[in-house]
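Next up, data_16.cif (mmCIF, C-alpha atoms):
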```cif
data_structure
loop_
_atom_site.label_atom_id
_atom_site.label_comp_id
_atom_site.auth_asym_id
_atom_site.auth_seq_id
_atom_site.Cartn_x
_atom_site.Cartn_y
_atom_site.Cartn_z
CA MET A 27 123.63 88.75 98.03
CA ASP A 28 120.43 90.76 98.70
CA ALA A 29 117.88 88.14 99.76
CA SER A 30 114.96 90.57 99.98
CA ARG A 31 115.63 91.91 96.48
CA PHE A 32 115.87 88.37 95.12
CA SER A 33 112.54 87.43 96.71
CA TYR A 34 110.91 90.55 95.28
CA LEU A 35 112.14 89.78 91.77
CA LEU A 36 111.00 86.18 91.93
CA GLU A 37 107.58 87.35 93.17
CA GLN A 38 107.41 89.75 90.21
CA TYR A 39 108.25 86.90 87.84
CA LYS A 40 105.54 84.70 89.30
CA SER A 41 102.90 87.43 88.95
CA GLY A 42 103.92 88.20 85.37
CA CYS A 43 105.02 91.74 86.20
CA LEU A 44 108.77 91.33 85.77
CA SER A 45 110.24 93.97 83.46
CA ALA A 46 113.06 93.25 81.01
CA SER A 47 115.62 95.03 83.21
CA GLU A 48 114.37 93.19 86.29
CA GLN A 49 114.64 89.90 84.45
CA GLU A 50 118.29 90.60 83.67
CA GLU A 51 118.79 91.50 87.33
CA LEU A 52 117.18 88.23 88.42
CA PHE A 53 119.46 86.19 86.17
CA GLY A 54 122.38 88.23 87.48
CA PHE A 55 121.94 86.60 90.88
CA ALA A 56 123.25 83.38 89.32
CA GLY A 57 126.87 84.34 89.89
CA GLU A 58 126.42 85.38 93.51
CA GLY A 59 126.46 83.51 96.79
CA ASP A 60 127.39 79.96 97.67
CA GLU A 61 125.27 76.82 97.85
CA HIS A 62 124.25 77.54 101.46
CA ASP A 63 122.94 80.97 100.42
CA TRP A 64 120.95 79.42 97.61
CA GLN A 65 119.41 76.78 99.84
CA GLU A 66 118.23 79.44 102.29
CA LEU A 67 116.84 81.62 99.51
CA LEU A 68 114.99 78.87 97.69
CA SER A 69 113.70 76.93 100.67
CA PRO A 70 110.54 79.06 101.14
CA TRP A 71 109.74 78.80 97.43
CA MET A 72 110.18 75.05 97.34
CA ASN A 73 108.02 74.60 100.44
CA GLU A 74 105.27 77.11 99.71
CA GLU A 75 104.86 77.57 95.97
CA ALA A 76 106.99 74.96 94.31
CA GLY A 77 106.94 71.79 96.36
CA PHE A 78 106.75 69.94 93.08
CA ALA A 79 110.32 71.05 92.35
CA GLU A 80 111.63 68.80 95.11
CA LYS A 81 110.47 65.82 93.06
CA LEU A 82 112.52 66.78 90.03
CA ASP A 83 115.73 64.83 89.59
CA GLN A 84 118.89 66.87 89.29
CA GLU A 85 119.55 65.91 85.69
CA LEU A 86 116.12 67.13 84.60
CA VAL A 87 116.49 70.45 86.36
CA ALA A 88 119.94 70.86 84.85
CA ARG A 89 118.41 70.40 81.41
CA GLU A 90 115.72 72.94 82.29
CA LEU A 91 118.53 75.34 83.16
CA ALA A 92 120.00 74.90 79.68
CA MET A 93 116.64 75.71 78.17
CA VAL A 94 116.33 78.89 80.27
CA LEU A 95 119.66 80.09 78.92
CA SER A 96 118.68 79.36 75.32
CA THR A 97 115.09 80.63 75.51
CA ASP A 98 115.83 83.95 77.16
CA ARG A 99 118.78 85.05 75.03
CA GLN A 100 117.99 86.40 71.58
CA THR A 101 120.09 88.36 69.11
CA PRO A 102 118.70 91.10 66.84
CA GLY A 103 116.87 90.02 63.71
CA GLY A 104 115.12 87.03 65.24
CA LEU A 105 118.17 84.75 65.22
CA ARG A 106 118.28 82.66 68.38
CA GLU A 107 121.65 81.41 69.57
CA MET A 108 122.04 78.54 72.01
CA PRO A 109 125.23 78.34 74.07
CA PRO A 110 127.68 75.49 73.41
CA ALA A 111 127.25 72.36 75.51
CA VAL A 112 130.56 72.76 77.31
CA HIS A 113 129.51 76.20 78.51
CA ARG A 114 126.17 74.88 79.70
CA ILE A 115 127.84 72.08 81.66
CA HIS A 116 130.27 74.44 83.37
CA PHE A 117 127.44 76.86 84.13
CA ILE A 118 125.40 74.13 85.80
CA ARG A 119 128.34 72.94 87.88
CA ARG A 120 129.15 76.47 89.00
CA TRP A 121 125.61 77.10 90.20
CA GLY A 122 125.25 73.75 91.92
CA TRP A 123 122.01 71.98 92.73
CA ALA A 124 120.31 74.79 94.63
CA ALA A 125 120.87 77.31 91.86
CA ALA A 126 119.70 74.78 89.29
CA VAL A 127 116.41 74.59 91.19
CA LEU A 128 115.98 78.31 90.52
CA ALA A 129 116.45 77.64 86.83
CA GLY A 130 113.90 74.85 87.07
CA LEU A 131 111.39 77.17 88.75
CA LEU A 132 111.90 79.86 86.14
CA THR A 133 111.58 77.43 83.24
CA LEU A 134 108.58 75.68 84.74
CA GLY A 135 107.18 79.15 85.28
CA THR A 136 106.85 79.42 81.52
CA TYR A 137 103.99 76.96 81.66
CA TYR A 138 103.18 76.77 85.43
CA PHE A 139 103.14 80.26 86.83
CA ILE A 140 101.72 81.71 83.60
CA ASP A 141 98.86 79.19 83.65
CA HIS A 142 97.86 80.55 87.06
CA ARG A 143 97.70 84.20 85.99
CA LYS A 144 94.29 85.84 85.77
CA GLU A 145 95.18 87.61 82.53
CA PRO A 146 97.24 85.46 80.11
CA SER A 147 99.75 87.38 78.05
CA GLY A 148 99.30 87.82 74.31
CA ASN A 149 102.34 85.66 73.62
CA THR A 150 101.11 82.68 75.63
CA ILE A 151 101.40 79.52 73.55
CA ALA A 152 98.96 76.64 73.68
CA LYS A 153 100.14 73.90 75.98
CA ILE A 154 101.04 70.67 74.18
CA SER A 155 101.24 67.08 75.21
CA ASP A 156 104.93 66.41 75.64
CA VAL A 157 106.81 63.83 73.58
CA ARG A 158 109.78 61.88 74.83
CA PRO A 159 112.99 61.91 72.74
CA GLY A 160 114.23 58.95 70.74
CA SER A 161 116.28 56.11 72.19
CA SER A 162 118.31 53.07 71.16
CA LYS A 163 115.95 50.77 69.29
CA ALA A 164 116.02 48.90 66.00
CA ILE A 165 114.80 45.87 64.09
CA LEU A 166 117.33 43.23 63.02
CA THR A 167 116.23 41.24 59.97
CA LEU A 168 118.16 37.98 59.60
CA ALA A 169 119.04 36.17 56.38
CA ASP A 170 116.05 33.82 56.81
CA GLY A 171 113.64 36.77 56.98
CA SER A 172 112.98 36.58 60.73
CA HIS A 173 112.88 39.78 62.76
CA ILE A 174 114.38 40.55 66.17
CA THR A 175 113.43 43.67 68.11
CA LEU A 176 116.39 45.43 69.73
CA ASP A 177 116.40 48.13 72.41
CA SER A 178 118.72 49.79 74.90
CA THR A 179 118.35 47.10 77.56
CA GLY A 180 118.67 43.82 75.67
CA ASN A 181 121.64 41.50 76.06
CA GLN A 182 121.75 38.36 73.93
CA VAL A 183 123.84 36.33 71.48
CA ILE A 184 122.41 35.32 68.10
CA LEU A 185 124.21 32.54 66.19
CA GLN A 186 124.35 32.57 62.37
CA GLY A 187 126.66 29.93 60.95
CA THR A 188 130.12 30.75 62.26
CA ALA A 189 129.04 34.30 63.09
CA ALA A 190 128.01 35.26 66.62
CA VAL A 191 125.94 38.43 66.93
CA HIS A 192 126.24 40.07 70.35
CA GLN A 193 123.60 42.55 71.45
CA GLN A 194 124.83 44.64 74.35
CA ASN A 195 122.39 47.35 75.36
CA GLY A 196 122.19 49.82 72.47
CA SER A 197 124.73 48.17 70.18
CA LEU A 198 125.14 45.10 68.00
CA GLN A 199 128.50 43.44 67.29
CA TYR A 200 129.39 40.67 64.84
CA GLU A 201 132.12 38.17 65.57
CA VAL A 202 133.21 35.52 63.05
CA LYS A 203 134.86 32.37 64.37
CA GLY A 204 136.43 30.08 61.78
CA GLN A 205 136.09 30.07 57.99
CA GLU A 206 132.71 31.32 56.83
CA THR A 207 131.31 29.30 53.94
CA GLY A 208 127.70 30.42 53.64
CA VAL A 209 127.51 34.19 53.98
CA GLY A 210 124.06 35.61 54.70
CA TYR A 211 122.85 39.20 54.58
CA ASN A 212 121.32 40.96 57.58
CA GLN A 213 119.59 44.31 57.77
CA LEU A 214 119.48 46.65 60.74
CA SER A 215 116.69 49.24 60.61
CA THR A 216 115.92 52.05 63.03
CA PRO A 217 112.41 53.51 63.27
CA ARG A 218 111.60 57.17 63.68
CA GLN A 219 112.47 58.04 67.28
CA GLY A 220 115.26 55.44 67.31
CA GLN A 221 119.00 55.05 66.75
CA PHE A 222 121.47 52.18 67.07
CA ARG A 223 125.17 51.29 66.91
CA LEU A 224 126.63 48.40 64.92
CA VAL A 225 130.06 46.78 64.69
CA LEU A 226 130.45 44.75 61.50
CA ALA A 227 132.42 41.52 61.18
CA ASP A 228 135.55 43.38 59.98
CA GLY A 229 135.50 45.76 62.96
CA THR A 230 133.93 48.68 61.09
CA LYS A 231 131.76 50.78 63.43
CA VAL A 232 128.45 52.18 62.21
CA TRP A 233 126.03 54.57 63.93
CA LEU A 234 122.49 54.66 62.50
CA ASN A 235 120.35 57.74 62.95
CA ALA A 236 116.55 57.61 63.17
CA ALA A 237 114.56 56.20 60.21
CA SER A 238 117.64 54.61 58.66
CA SER A 239 118.88 51.17 57.64
CA ILE A 240 121.99 49.25 56.63
CA ARG A 241 122.15 45.94 54.76
CA TYR A 242 125.41 44.00 55.17
CA PRO A 243 126.89 40.46 55.07
CA THR A 244 127.50 38.49 58.25
CA ALA A 245 131.13 38.12 57.07
CA PHE A 246 133.24 39.79 54.37
CA THR A 247 134.73 37.05 52.18
CA GLY A 248 135.04 38.62 48.70
CA LYS A 249 137.39 41.14 47.15
CA GLU A 250 135.27 44.02 48.43
CA ARG A 251 133.28 44.86 51.56
CA ASN A 252 129.86 46.01 50.34
CA VAL A 253 127.01 47.48 52.39
CA GLU A 254 123.86 49.41 51.48
CA VAL A 255 122.46 52.37 53.43
CA THR A 256 119.28 54.40 53.62
CA GLY A 257 118.72 57.46 55.81
CA GLU A 258 121.76 58.67 57.79
CA ALA A 259 124.77 56.76 59.08
CA TYR A 260 128.25 57.53 60.37
CA PHE A 261 131.09 55.11 59.61
CA GLU A 262 134.46 54.44 61.16
CA VAL A 263 135.83 51.95 58.63
CA ALA A 264 138.41 49.35 59.64
CA ALA A 265 141.44 49.71 57.37
CA ASN A 266 142.12 46.90 54.87
CA ALA A 267 144.03 47.94 51.76
CA HIS A 268 143.34 44.57 50.10
CA GLN A 269 139.57 44.72 50.58
CA PRO A 270 138.04 48.13 49.78
CA PHE A 271 134.92 49.12 51.73
CA ILE A 272 132.06 50.32 49.51
CA VAL A 273 128.85 51.97 50.70
CA THR A 274 125.99 52.12 48.20
CA VAL A 275 123.30 54.73 48.84
CA ASN A 276 120.66 55.62 46.24
CA ASN A 277 122.64 55.63 42.98
CA THR A 278 125.93 56.60 44.60
CA ALA A 279 128.83 54.35 45.58
CA ILE A 280 131.34 55.57 48.17
CA GLN A 281 134.64 53.68 48.25
CA VAL A 282 137.04 53.81 51.17
CA LEU A 283 140.06 51.95 52.51
CA GLY A 284 139.97 53.15 56.11
CA THR A 285 138.33 56.39 57.13
CA SER A 286 135.53 58.16 59.02
CA PHE A 287 132.63 59.75 57.20
CA ASN A 288 128.93 60.57 57.45
CA ILE A 289 126.19 59.86 54.92
CA ASN A 290 122.86 61.68 54.91
CA ALA A 291 120.45 60.28 52.33
CA TYR A 292 116.99 61.00 53.70
CA PRO A 293 114.60 61.33 50.72
CA GLU A 294 112.97 64.45 52.21
CA GLU A 295 116.32 66.28 52.19
CA GLY A 296 116.35 66.22 48.37
CA HIS A 297 119.95 65.08 47.91
CA THR A 298 122.60 62.75 49.32
CA SER A 299 125.44 64.24 51.37
CA ALA A 300 128.75 62.50 52.06
CA THR A 301 130.98 64.29 54.56
CA LEU A 302 134.55 63.14 55.19
CA VAL A 303 135.93 63.46 58.72
CA SER A 304 139.27 61.72 58.16
CA GLY A 305 141.01 59.65 55.49
CA LEU A 306 140.02 59.63 51.83
CA ILE A 307 136.91 58.51 49.98
CA LYS A 308 135.89 58.29 46.35
CA VAL A 309 132.34 59.32 45.47
CA ASN A 310 131.04 57.71 42.28
CA THR A 311 127.61 58.71 40.98
CA GLY A 312 127.79 56.95 37.63
CA GLN A 313 128.15 60.32 35.93
CA GLU A 314 130.95 61.75 38.03
CA SER A 315 133.73 60.41 40.19
CA LEU A 316 135.61 62.56 42.69
CA LEU A 317 137.99 62.23 45.61
CA LEU A 318 136.86 63.92 48.79
CA GLN A 319 139.27 65.50 51.24
CA PRO A 320 138.75 65.64 55.03
CA GLY A 321 136.45 68.46 56.10
CA LYS A 322 134.60 68.49 52.77
CA THR A 323 131.02 67.54 51.87
CA ALA A 324 129.89 66.20 48.52
CA ALA A 325 126.23 66.88 47.75
CA VAL A 326 124.87 64.45 45.16
CA MET A 327 121.69 65.54 43.39
CA PRO A 328 119.10 63.07 42.04
CA ASN A 329 120.42 63.60 38.48
CA GLY A 330 123.92 62.50 39.55
CA SER A 331 125.55 65.93 39.56
CA THR A 332 127.74 66.81 42.54
CA THR A 333 128.94 69.90 44.36
CA VAL A 334 131.72 70.01 46.96
CA SER A 335 131.79 72.45 49.87
CA THR A 336 133.54 72.93 53.20
CA ALA A 337 131.71 71.12 55.98
CA ASN A 338 130.86 72.23 59.49
CA LEU A 339 131.95 68.95 61.06
CA LYS A 340 130.42 69.78 64.42
CA ALA A 341 127.06 70.28 62.76
CA VAL A 342 127.36 67.10 60.70
CA MET A 343 128.41 65.00 63.71
CA ALA A 344 125.95 66.54 66.16
CA TRP A 345 123.33 63.79 65.88
CA LYS A 346 125.91 61.11 66.73
CA ASP A 347 127.14 63.15 69.70
CA GLY A 348 123.62 63.66 71.11
CA PHE A 349 122.73 67.13 69.80
CA PHE A 350 120.70 68.96 67.22
CA TRP A 351 122.93 71.54 65.56
CA PHE A 352 121.45 74.30 63.41
CA GLU A 353 123.34 76.93 61.45
CA ASN A 354 121.02 79.57 59.98
CA ALA A 355 118.54 76.74 59.42
CA ASP A 356 115.03 77.57 58.26
CA ILE A 357 112.09 76.20 60.19
CA LYS A 358 111.36 73.40 57.70
CA THR A 359 114.91 72.07 58.02
CA VAL A 360 114.60 72.16 61.80
CA MET A 361 111.22 70.45 61.80
CA ARG A 362 112.39 67.62 59.52
CA GLN A 363 114.98 66.69 62.13
CA LEU A 364 112.49 66.93 65.00
CA ALA A 365 109.94 64.87 63.08
CA ARG A 366 112.35 61.96 62.72
CA TRP A 367 113.65 62.05 66.30
CA TYR A 368 110.29 62.52 68.04
CA ASN A 369 108.19 60.56 65.52
CA ILE A 370 105.80 63.42 64.86
CA GLU A 371 104.05 64.85 61.84
CA VAL A 372 104.54 68.59 61.29
CA GLU A 373 101.87 70.72 59.62
CA PHE A 374 102.20 74.41 58.74
CA ARG A 375 99.04 76.54 58.81
CA GLY A 376 99.27 79.93 57.21
CA ALA A 377 102.51 81.46 56.00
CA VAL A 378 105.65 79.55 56.93
CA PRO A 379 107.65 81.58 59.51
CA LYS A 380 110.86 83.02 58.08
CA THR A 381 112.76 82.68 61.36
CA THR A 382 116.18 81.03 61.19
CA PHE A 383 117.89 79.13 63.98
CA SER A 384 121.53 78.68 64.98
CA GLY A 385 123.12 76.76 67.82
CA GLU A 386 122.70 73.38 69.49
CA ILE A 387 120.11 71.64 71.63
CA GLU A 388 120.43 68.29 73.35
CA ARG A 389 118.57 65.39 71.75
CA SER A 390 117.85 64.00 75.23
CA LEU A 391 115.31 66.76 75.89
CA THR A 392 111.58 66.32 75.43
CA LEU A 393 109.87 67.88 72.43
CA GLU A 394 108.34 70.67 74.51
CA GLN A 395 111.72 71.55 75.99
CA VAL A 396 113.26 71.74 72.51
CA LEU A 397 110.44 73.93 71.22
CA GLN A 398 110.90 76.24 74.19
CA GLY A 399 114.61 76.39 73.45
CA LEU A 400 113.97 77.30 69.83
CA GLY A 401 112.02 80.34 70.98
CA SER A 402 108.55 80.55 72.43
CA ASN A 403 108.09 84.12 71.18
CA GLU A 404 108.77 83.11 67.58
CA LEU A 405 107.04 79.74 67.31
CA HIS A 406 103.29 79.51 67.74
CA TYR A 407 102.25 75.91 67.87
CA ILE A 408 99.64 73.48 69.09
CA PHE A 409 99.72 69.73 69.35
CA GLY A 410 96.91 68.14 67.34
CA ASN A 411 95.43 64.68 67.41
CA GLY A 412 97.87 61.78 67.54
CA ASN A 413 101.42 62.89 66.92
CA LYS A 414 100.78 66.04 64.86
CA LEU A 415 102.59 69.29 65.67
CA ILE A 416 100.85 72.29 64.07
CA ILE A 417 102.90 75.43 63.44
CA GLN A 418 100.65 78.48 63.16
CA GLN A 419 101.38 81.91 61.75
#
```
Full structure transcribed into C-alpha cells:
Amino acid sequence: MDASRFSYLLEQYKSGCLSASEQEELFGFAGEGDEHDWQELLSPWMNEEAGFAEKLDQELVARELAMVLSTDRQTPGGLREMPPAVHRIHFIRRWGWAAAVLAGLLTLGTYYFIDHRKEPSGNTIAKISDVRPGSSKAILTLADGSHITLDSTGNQVILQGTAAVHQQNGSLQYEVKGQETGVGYNQLSTPRQGQFRLVLADGTKVWLNAASSIRYPTAFTGKERNVEVTGEAYFEVAANAHQPFIVTVNNTAIQVLGTSFNINAYPEEGHTSATLVSGLIKVNTGQESLLLQPGKTAAVMPNGSTTVSTANLKAVMAWKDGFFWFENADIKTVMRQLARWYNIEVEFRGAVPKTTFSGEIERSLTLEQVLQGLGSNELHYIFGNGNKLIIQQ
C-alpha cells in the first residue's frame, strides 16, 4: 500500500483537482492494507483536517460509505444503479472502521471540502437543510373517539372491554380474553414521516406505511373479518377457513383465507395495487372479480377495470424492509415516495428532468443523503421555506 500516493490523491480530492482516473485509483485503495495500515494513513487527516470525523458514530459513517458507492457509480444514459444492501454490508465489514472513515471523509467532502474551495465547480448544488427520515409513530383512535399518540418508545396497555391493547415500542397488539359482547372499532393512522406495526385480535400482522390508516374491530365475532385501509399496508393474514378475511380499499374488496400481500392505494398514485406474496386472494372491484396468484400484481383503476402483471416482490416489499427500491422510476415517482417518508412538499421549476432511477437506498438515511445517492450531477435542487424541496432544471 503506497502511503505517499494515497496522501497525494486525497490532497487532490480536497483541492478539487482530482481527475476521473485518479478518483478510480483512490477508490482502488479500498481493497488494500489492513486496519492498522488504514489507521496510520488516516490519522493525520483526522487530526489536522477532519477532526470532526472522530465525532461521527460508526453507523453514520457506514451509511455515508453506502452513499459514496451509489453516488460515484453511474451507467451510460443517465441511469444510476445503487448496489444491493447485502453487498454494501459486506463491503463495510471488509473495510472496517478505519476504511469507513475514509468513505465518510470523501462523502462529507461533497459538501465540506467543496465549500472551502475558492472557485466552486459548475455542478455545485445549493446546500439544503437536512431532514430526518421517518420513524415509528401513529395515532390510535378508539371506539369512543379519543386519540392516543404512539411512537417508537411507548410501552402501555389499553383496556377496551375484554380486549387488551399492548403497545410495545413501534408496534400495537390486540389480545382478547373471554367472550367479546360489545365489539368496537379502532383506527390506526400513520402521518407522513411515520410507520407502524399492528397485530389484530386474530393474530393477523399488519405493517402500515407512511400516510396510511386501517380501521378494524377490537375482536372478530362475525362470519367475516373485515378491515378498511387507506394508503399502503402489508398483511400477513392468520389462516381461518371458516372466517374469511376481507380488506376494503377504495371501491375494491380483497378476500383471503390466509396469505401475505401488499396493498398500495395512495390517491396520488392514480390506482390501487394489490400484490400477492403467498397464498391466494380474490380481488373484487364490483365490475370484475379475479383470483391472484403469488408473484402477481393486480392494478385496479378508478373505473373498476383491472390489469394483472408479474410483480417485482423485492421492490414491492422494500418499504417494509427499510428501503426505497426504484426500477426505471421517473423522478415524479421517486419524489412521491420521498415526500411521504420525509414529510416534504416537492415543487418542479422548469422542465421536469427525464432521468430515471434504479436500485435501492436505505430509508434510515437523511433526505440529503438520499438525494446525494440519487445523483448530485443529475438533480439540481434547493430547499425552500418550510418543508419544500424545489427541483430545478
Q: One decimal, Å: what's the distance from atom CA of Ile272 of chain A over to atom CA of Ala291 of chain A, could you say?
A: 15.6 Å
**Q.** Selection near segment 184-199 of chain A, 10 Å with all atoms listed in the file, sequence-local residues under 5 positions removed, as a PyMOL selection string
**A.** chain A and resi 161-164+166+168-169+174+176-179+204-210+214+221-227+229-233+244-245
**Q.** Atom pair atom CA of Pro320 of chain A / atom CA of Val360 of chain A: separation (Å)
**A.** 25.9 Å
Q. Applied to this file, what does the PyMOL selection byres ((chain A and resi 363) around 12) return in terms of residues, put as a PyMOL selection string?
A. chain A and resi 159-160+218-219+235-237+257-258+290+292+294-295+344-345+349-352+355-362+364-372+387+389+393+396
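Counting from atom CA of Ser45 of chain A, the distance to atom CA of Asn354 of chain A is 29.6 Å.
Applied to this file, the PyMOL selection byres ((chain A and resi 270) around 9) selects the residues Lys249, Glu250, Arg251, Asn252, Ala265, Asn266, Ala267, His268, Gln269, Phe271, Ile272, Gln281, Val282, Leu283 and Gly284 of chain A.
Nearest residue to Phe246 of chain A among A:Leu316, A:Ala377, A:Val202, A:Leu415 is A:Val202, counting all atoms listed in the file.
Closest approach to Thr175 of chain A from the set A:Ser215, A:Val157, A:Pro379, A:Glu201 is made by A:Ser215, with distances taken over only C-alpha atoms.
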Q: Step by step, work through what the PyMOL selection byres ((chain A and resi 285) around 9) selects in the shown file, and finish by giving those residues as JSON, numbers by chain.
A: {"A": [261, 262, 263, 264, 265, 282, 283, 284, 286, 287, 302, 303, 304, 305, 306, 307]}
Q | Point (117.2, 63.9, 41.7) neighbourhood (12 Å, all atoms listed in the file) written as a list of chain:residue names | A | A:Asn276, A:Asn277, A:Thr278, A:Ala291, A:Pro293, A:Glu294, A:Glu295, A:Gly296, A:His297, A:Thr298, A:Thr311, A:Ala325, A:Val326, A:Met327, A:Pro328, A:Asn329, A:Gly330, A:Ser331, A:Thr332
